[in-house]
>>> print(open('protein.pdb').read())   # PDB, C-alpha atoms and all ligand atoms
ATOM      1  CA  MET A 181     126.666  58.373   4.125
ATOM      2  CA  ASN A 182     123.223  59.682   5.041
ATOM      3  CA  ARG A 183     121.778  61.431   2.011
ATOM      4  CA  PRO A 184     118.803  63.718   2.510
ATOM      5  CA  PRO A 185     115.486  62.429   1.155
ATOM      6  CA  VAL A 186     114.424  63.495  -2.327
ATOM      7  CA  ASP A 187     111.542  65.997  -2.272
ATOM      8  CA  VAL A 188     108.565  64.718  -4.261
ATOM      9  CA  LEU A 189     105.303  66.602  -4.731
ATOM     10  CA  LEU A 190     102.261  64.457  -3.970
ATOM     11  CA  ARG A 191      98.567  65.013  -4.627
ATOM     12  CA  ARG A 192      95.911  62.958  -2.871
ATOM     13  CA  LEU A 193      93.107  62.123  -5.283
ATOM     14  CA  ASP A 194      91.239  60.411  -2.462
ATOM     15  CA  PRO A 195      91.217  62.603   0.650
ATOM     16  CA  ALA A 196      91.263  59.614   3.011
ATOM     17  CA  VAL A 197      94.203  57.777   1.427
ATOM     18  CA  PRO A 198      97.336  57.596   3.603
ATOM     19  CA  VAL A 199     100.456  59.279   2.211
ATOM     20  CA  PRO A 200     102.723  56.410   1.014
ATOM     21  CA  SER A 201     105.296  55.678   3.684
ATOM     22  CA  TYR A 202     108.217  53.380   4.442
ATOM     23  CA  GLY A 203     107.337  50.428   6.703
ATOM     24  CA  HIS A 204     110.783  50.470   8.343
ATOM     25  CA  PRO A 205     113.794  52.764   8.273
ATOM     26  CA  GLY A 206     116.029  51.489   5.479
ATOM     27  CA  ASP A 207     113.163  50.128   3.379
ATOM     28  CA  ALA A 208     113.500  50.833  -0.346
ATOM     29  CA  GLY A 209     109.796  50.879  -1.136
ATOM     30  CA  LEU A 210     106.903  53.069   0.001
ATOM     31  CA  ASP A 211     103.651  51.183   0.509
ATOM     32  CA  LEU A 212     100.913  51.814  -2.046
ATOM     33  CA  VAL A 213      97.313  50.963  -1.187
ATOM     34  CA  THR A 214      94.268  50.364  -3.349
ATOM     35  CA  THR A 215      91.420  52.821  -2.882
ATOM     36  CA  GLU A 216      88.939  50.332  -4.320
ATOM     37  CA  ALA A 217      87.975  46.892  -3.103
ATOM     38  CA  ALA A 218      88.350  44.185  -5.715
ATOM     39  CA  GLU A 219      87.965  40.452  -6.105
ATOM     40  CA  LEU A 220      90.116  38.448  -8.489
ATOM     41  CA  ALA A 221      89.299  34.910  -9.560
ATOM     42  CA  PRO A 222      92.242  32.637 -10.429
ATOM     43  CA  GLY A 223      93.962  34.012 -13.525
ATOM     44  CA  GLU A 224      92.067  37.318 -13.398
ATOM     45  CA  ARG A 225      93.754  40.721 -13.442
ATOM     46  CA  THR A 226      92.664  44.270 -12.753
ATOM     47  CA  VAL A 227      94.057  47.804 -12.574
ATOM     48  CA  LEU A 228      93.793  49.173  -9.028
ATOM     49  CA  PRO A 229      93.787  52.908  -8.258
ATOM     50  CA  THR A 230      96.101  54.113  -5.476
ATOM     51  CA  GLY A 231      94.568  57.546  -4.866
ATOM     52  CA  VAL A 232      97.869  59.377  -5.314
ATOM     53  CA  ALA A 233      99.619  61.318  -8.063
ATOM     54  CA  ILE A 234     103.190  62.584  -7.822
ATOM     55  CA  ALA A 235     105.602  64.917  -9.595
ATOM     56  CA  LEU A 236     109.137  63.521  -9.497
ATOM     57  CA  PRO A 237     112.146  65.744 -10.081
ATOM     58  CA  ASP A 238     113.692  65.477 -13.530
ATOM     59  CA  GLY A 239     116.218  62.625 -13.665
ATOM     60  CA  TYR A 240     114.161  60.374 -11.372
ATOM     61  CA  ALA A 241     111.620  57.619 -11.974
ATOM     62  CA  ALA A 242     109.479  55.585  -9.614
ATOM     63  CA  PHE A 243     109.015  51.852 -10.001
ATOM     64  CA  VAL A 244     105.901  49.978  -8.876
ATOM     65  CA  HIS A 245     107.172  46.739  -7.383
ATOM     66  CA  PRO A 246     105.260  43.716  -6.102
ATOM     67  CA  ARG A 247     105.039  42.807  -2.403
ATOM     68  CA  SER A 248     106.636  39.489  -1.510
ATOM     69  CA  GLY A 249     104.009  38.656   1.136
ATOM     70  CA  LEU A 250     101.151  38.958  -1.338
ATOM     71  CA  ALA A 251     103.100  36.930  -3.873
ATOM     72  CA  ALA A 252     104.027  34.097  -1.495
ATOM     73  CA  ARG A 253     100.744  33.928   0.459
ATOM     74  CA  CYS A 254      98.190  34.661  -2.256
ATOM     75  CA  GLY A 255      99.961  34.274  -5.620
ATOM     76  CA  VAL A 256      99.383  37.933  -6.477
ATOM     77  CA  ALA A 257     101.818  39.397  -9.016
ATOM     78  CA  LEU A 258     102.047  42.610 -10.997
ATOM     79  CA  VAL A 259     101.502  42.018 -14.689
ATOM     80  CA  ASN A 260     104.073  44.645 -15.702
ATOM     81  CA  ALA A 261     106.454  44.391 -12.748
ATOM     82  CA  PRO A 262     108.073  46.735 -12.162
ATOM     83  CA  GLY A 263     105.725  49.403 -13.482
ATOM     84  CA  THR A 264     107.520  52.573 -14.499
ATOM     85  CA  VAL A 265     106.258  55.969 -13.325
ATOM     86  CA  ASP A 266     107.894  58.652 -15.451
ATOM     87  CA  ALA A 267     108.999  61.965 -13.964
ATOM     88  CA  GLY A 268     106.527  63.762 -16.204
ATOM     89  CA  TYR A 269     103.517  61.617 -15.290
ATOM     90  CA  ARG A 270     100.873  63.545 -13.370
ATOM     91  CA  GLY A 271      98.069  60.979 -13.430
ATOM     92  CA  GLU A 272      97.038  58.601 -10.683
ATOM     93  CA  ILE A 273      99.548  55.847  -9.964
ATOM     94  CA  LYS A 274      97.882  52.537 -10.768
ATOM     95  CA  VAL A 275      98.780  48.958 -10.008
ATOM     96  CA  THR A 276      98.012  46.129 -12.442
ATOM     97  CA  VAL A 277      97.609  43.023 -10.300
ATOM     98  CA  VAL A 278      97.015  39.440 -11.414
ATOM     99  CA  ASN A 279      95.927  36.464  -9.345
ATOM    100  CA  LEU A 280      98.261  33.626 -10.292
ATOM    101  CA  ASP A 281      96.853  31.213  -7.742
ATOM    102  CA  PRO A 282      95.345  28.261  -9.640
ATOM    103  CA  ARG A 283      92.464  27.744  -7.152
ATOM    104  CA  GLU A 284      91.830  30.612  -4.698
ATOM    105  CA  THR A 285      90.027  33.882  -5.323
ATOM    106  CA  VAL A 286      91.830  36.923  -3.863
ATOM    107  CA  ARG A 287      89.931  39.827  -2.317
ATOM    108  CA  PHE A 288      91.376  43.292  -1.764
ATOM    109  CA  GLU A 289      89.706  45.690   0.666
ATOM    110  CA  ARG A 290      89.949  49.479   0.393
ATOM    111  CA  PHE A 291      93.343  50.623   1.702
ATOM    112  CA  ASP A 292      94.956  47.178   1.542
ATOM    113  CA  ARG A 293      98.623  47.522   0.641
ATOM    114  CA  VAL A 294      99.012  46.169  -2.879
ATOM    115  CA  ALA A 295     102.464  47.257  -4.082
ATOM    116  CA  GLN A 296     105.498  49.339  -3.190
ATOM    117  CA  LEU A 297     106.976  52.336  -4.928
ATOM    118  CA  VAL A 298     110.753  52.579  -5.321
ATOM    119  CA  VAL A 299     112.100  55.991  -6.365
ATOM    120  CA  GLN A 300     115.415  55.966  -8.217
ATOM    121  CA  GLN A 301     117.660  58.233 -10.204
ATOM    122  CA  VAL A 302     117.770  57.226 -13.841
ATOM    123  CA  GLU A 303     120.397  58.018 -16.458
ATOM    124  CA  LYS A 304     119.721  59.474 -19.871
ATOM    125  CA  VAL A 305     121.736  57.872 -22.646
ATOM    126  CA  SER A 306     123.005  59.164 -25.895
ATOM    127  CA  PHE A 307     123.499  56.355 -28.451
ATOM    128  CA  HIS A 308     126.606  56.221 -30.657
ATOM    129  CA  GLU A 309     125.998  53.819 -33.514
ATOM    130  CA  VAL A 310     128.915  51.512 -34.455
ATOM    131  CA  VAL A 311     129.405  48.642 -36.916
ATOM    132  CA  GLU A 312     131.070  46.332 -34.350
ATOM    133  CA  LEU A 313     130.738  46.377 -30.555
ATOM    134  CA  PRO A 314     133.881  45.858 -28.420
ATOM    135  CA  GLY A 315     134.587  42.235 -27.392
ATOM    136  CA  SER A 316     133.716  40.871 -23.940
ATOM    137  CA  ALA A 317     133.979  37.619 -21.950
ATOM    138  CA  ARG A 318     130.259  36.841 -22.418
ATOM    139  CA  GLY A 319     130.005  37.919 -26.015
ATOM    140  CA  ALA A 320     126.533  37.151 -27.375
ATOM    141  CA  ASN A 321     125.905  34.235 -24.990
ATOM    142  CA  GLY A 322     122.832  34.449 -22.820
ATOM    143  CA  PHE A 323     119.433  32.858 -22.211
ATOM    144  CA  GLY A 324     120.821  29.915 -20.208
ATOM    145  CA  SER A 325     124.186  29.607 -21.987
ATOM    146  CA  THR A 326     125.831  28.737 -18.640
ATOM    147  CA  GLY A 327     123.456  25.799 -18.118
ATOM    148  CA  GLY A 328     121.759  25.300 -14.777
ATOM    149  CA  HIS A 329     118.441  23.597 -15.428
ATOM    150  CA  ALA A 330     118.023  19.835 -15.385
ATOM    151  CA  ALA A 331     115.323  20.174 -18.023
ATOM    152  CA  MET A 332     117.856  21.764 -20.372
ATOM    153  CA  ASP A 333     120.897  19.696 -19.417
ATOM    154  CA  GLY A 334     119.391  16.201 -19.255
ATOM    155  CA  PRO A 335     119.413  13.592 -22.053
ATOM    156  CA  ALA A 336     117.198  14.465 -25.018
ATOM    157  CA  GLY A 337     115.968  17.608 -23.364
ATOM    158  CA  GLY A 338     115.404  15.966 -19.953
ATOM    159  CA  HIS A 339     112.002  15.994 -18.241
ATOM    160  CA  ASP A 340     108.892  17.792 -19.366
ATOM    161  CA  TYR A 341     109.148  20.132 -16.374
ATOM    162  CA  ALA A 342     111.732  22.749 -15.422
ATOM    163  CA  SER A 343     113.998  22.105 -12.462
ATOM    164  CA  VAL A 344     116.520  24.238 -10.600
ATOM    165  CA  VAL A 345     118.397  21.245  -9.100
ATOM    166  CA  ASN A 346     121.606  21.982 -10.992
ATOM    167  CA  ASP A 347     121.451  25.626  -9.958
ATOM    168  CA  ARG A 348     121.393  24.578  -6.301
ATOM    169  CA  GLU A 349     124.302  22.187  -6.811
ATOM    170  CA  GLY A 350     126.309  25.024  -8.255
ATOM    171  CA  GLN A 351     126.040  27.089  -5.055
TER     172      GLN A 351
HETATM  173  O1  LIG B   1     102.479  50.231 -13.071
HETATM  174  C1  LIG B   1     102.344  51.356 -13.593
HETATM  175  C2  LIG B   1     102.979  51.701 -14.800
HETATM  176  C3  LIG B   1     102.754  52.963 -15.336
HETATM  177  N1  LIG B   1     101.944  53.845 -14.703
HETATM  178  C4  LIG B   1     101.751  55.199 -15.244
HETATM  179  C5  LIG B   1     102.981  56.050 -15.019
HETATM  180  C6  LIG B   1     103.686  56.053 -16.325
HETATM  181  O2  LIG B   1     104.443  57.240 -16.480
HETATM  182  C7  LIG B   1     102.528  55.927 -17.286
HETATM  183  C8  LIG B   1     102.897  55.282 -18.583
HETATM  184  O3  LIG B   1     103.444  54.029 -18.301
HETATM  185  P1  LIG B   1     104.190  53.177 -19.411
HETATM  186  O4  LIG B   1     105.190  54.047 -20.133
HETATM  187  O5  LIG B   1     104.635  51.911 -18.807
HETATM  188  O6  LIG B   1     102.951  52.861 -20.345
HETATM  189  P2  LIG B   1     102.823  52.631 -21.874
HETATM  190  O7  LIG B   1     101.960  51.459 -22.042
HETATM  191  O8  LIG B   1     104.157  52.633 -22.570
HETATM  192  O9  LIG B   1     101.962  53.895 -22.246
HETATM  193  P3  LIG B   1     102.363  55.311 -22.831
HETATM  194  O10 LIG B   1     102.206  55.149 -24.290
HETATM  195  O11 LIG B   1     101.345  56.244 -22.227
HETATM  196  O12 LIG B   1     103.766  55.635 -22.393
HETATM  197  O13 LIG B   1     101.552  55.125 -16.633
HETATM  198  C9  LIG B   1     101.329  53.519 -13.488
HETATM  199  O14 LIG B   1     100.617  54.314 -12.898
HETATM  200  N2  LIG B   1     101.557  52.285 -12.993
END
>>> encode(input="protein.pdb", output="structure tokens")
Amino acid sequence: MNRPPVDVLLRRLDPAVPVPSYGHPGDAGLDLVTTEAAELAPGERTVLPTGVAIALPDGYAAFVHPRSGLAARCGVALVNAPGTVDAGYRGEIKVTVVNLDPRETVRFERFDRVAQLVVQQVEKVSFHEVVELPGSARGANGFGSTGGHAAMDGPAGGHDYASVVNDREGQ
């Protein structure tokens, strides 16, 4: 089913900034660029301006997601991934990047693509407090209860590094 696009009001705070757009038909995220150049030493983080502000319809939110290319090639992550842009937020969308590469400095030029914005419908909940929650197959198990890491499963806690070997074997 081809749903029509959601109309979102957009204000350019930098007159030269491109309107965020999809790289390919079917992409979930719209590219966000930085309007300021920046240089990040290993371990350093900064908040980059994108030059755009939006007004989402009620019942929607936008999520600032990382870009896999930047992550894999340069070790750049978003500190708060995904960042949440509320429907009522009218300020500039900003991107909090961190250089996780242990050795290389990362440099961003003006209008480099630094993140992607995914717009989604979000539900409002109404909580109903109870004394006991209904039972389920998982119950309260979590945080690795199904095993999967050699470091957790090995004798006496295994190695002093984490491994995903057992996860791969399970596939
Ligand atoms: O990556 C992000 C995350 C948030 N925001 C903007 C939009 C969002 O609506 C607002 C507040 O974000 P959030 O609720 O995550 O921040 P907070 O630290 O909880 O601050 P506040 O007390 O203002 O809600 O900041 C961004 O521009 N980029």
>>> resolve_selection(input="protein.pdb", expression="the PyMOL selection byres (((not hetatm)) within 7 of (chain B and resi 1))", output="PyMOL selection string")
chain A and resi 244+260+262-266+268-269+272-276
>>> residues_around(input="protein.pdb", residues="His245 of chain A", least_positions_apart="6", cutoff="10 Å", atoms="all atoms listed in the file", output="ChimeraX atom specification")
/A:209-212,257-258,260-264,275,294-298
>>> residues_near_point(input="protein.pdb", point="(112.9, 61.3, -3.2)", cutoff="12 Å", atoms="all atoms listed in the file", output="VMD selection string")
chain A and resid 183 to 190 201 to 202 208 to 210 234 to 242 267 297 to 301
>>> atom_distance(input="protein.pdb", atom1="atom CA of Leu193 of chain A", atom2="atom CA of Val232 of chain A")
5.5 Å
>>> residues_around(input="protein.pdb", residues="Asp281 of chain A", least_positions_apart="2", cutoff="7 Å", atoms="all atoms listed in the file", output="PyMOL selection string")
chain A and resi 222+254-255+279+283-284
>>> residues_around(input="protein.pdb", residues="Phe291 of chain A", least_positions_apart="5", cutoff="12 Å", atoms="only C-alpha atoms", output="PyMOL selection string")
chain A and resi 194+196-200+211-218+228-231
>>> atom_distance(input="protein.pdb", atom1="atom CA of Asp292 of chain A", atom2="atom CA of Gly249 of chain A")
12.4 Å
>>> resolve_selection(input="protein.pdb", expression="the PyMOL selection byres (((chain A and resi 226) around 8) and not hetatm)", output="PyMOL selection string")
chain A and resi 220+224-225+227-228+276-278
>>> atom_distance(input="protein.pdb", atom1="atom CA of Arg293 of chain A", atom2="atom CA of Arg247 of chain A")
8.5 Å
>>> axis_aligned_box(input="protein.pdb", around="segment 262-268 of chain A", padding_each_side="3 Å", output="JSON")
{"center_x": 107.4, "center_y": 55.2, "center_z": -14.2, "size_x": 9.3, "size_y": 23.0, "size_z": 10.0}
>>> closest_residue(input="protein.pdb", among="A:Gly203, A:Pro195, A:Pro246, A:Pro282", to="Ala221 of chain A", atoms="all atoms listed in the file")
A:Pro282
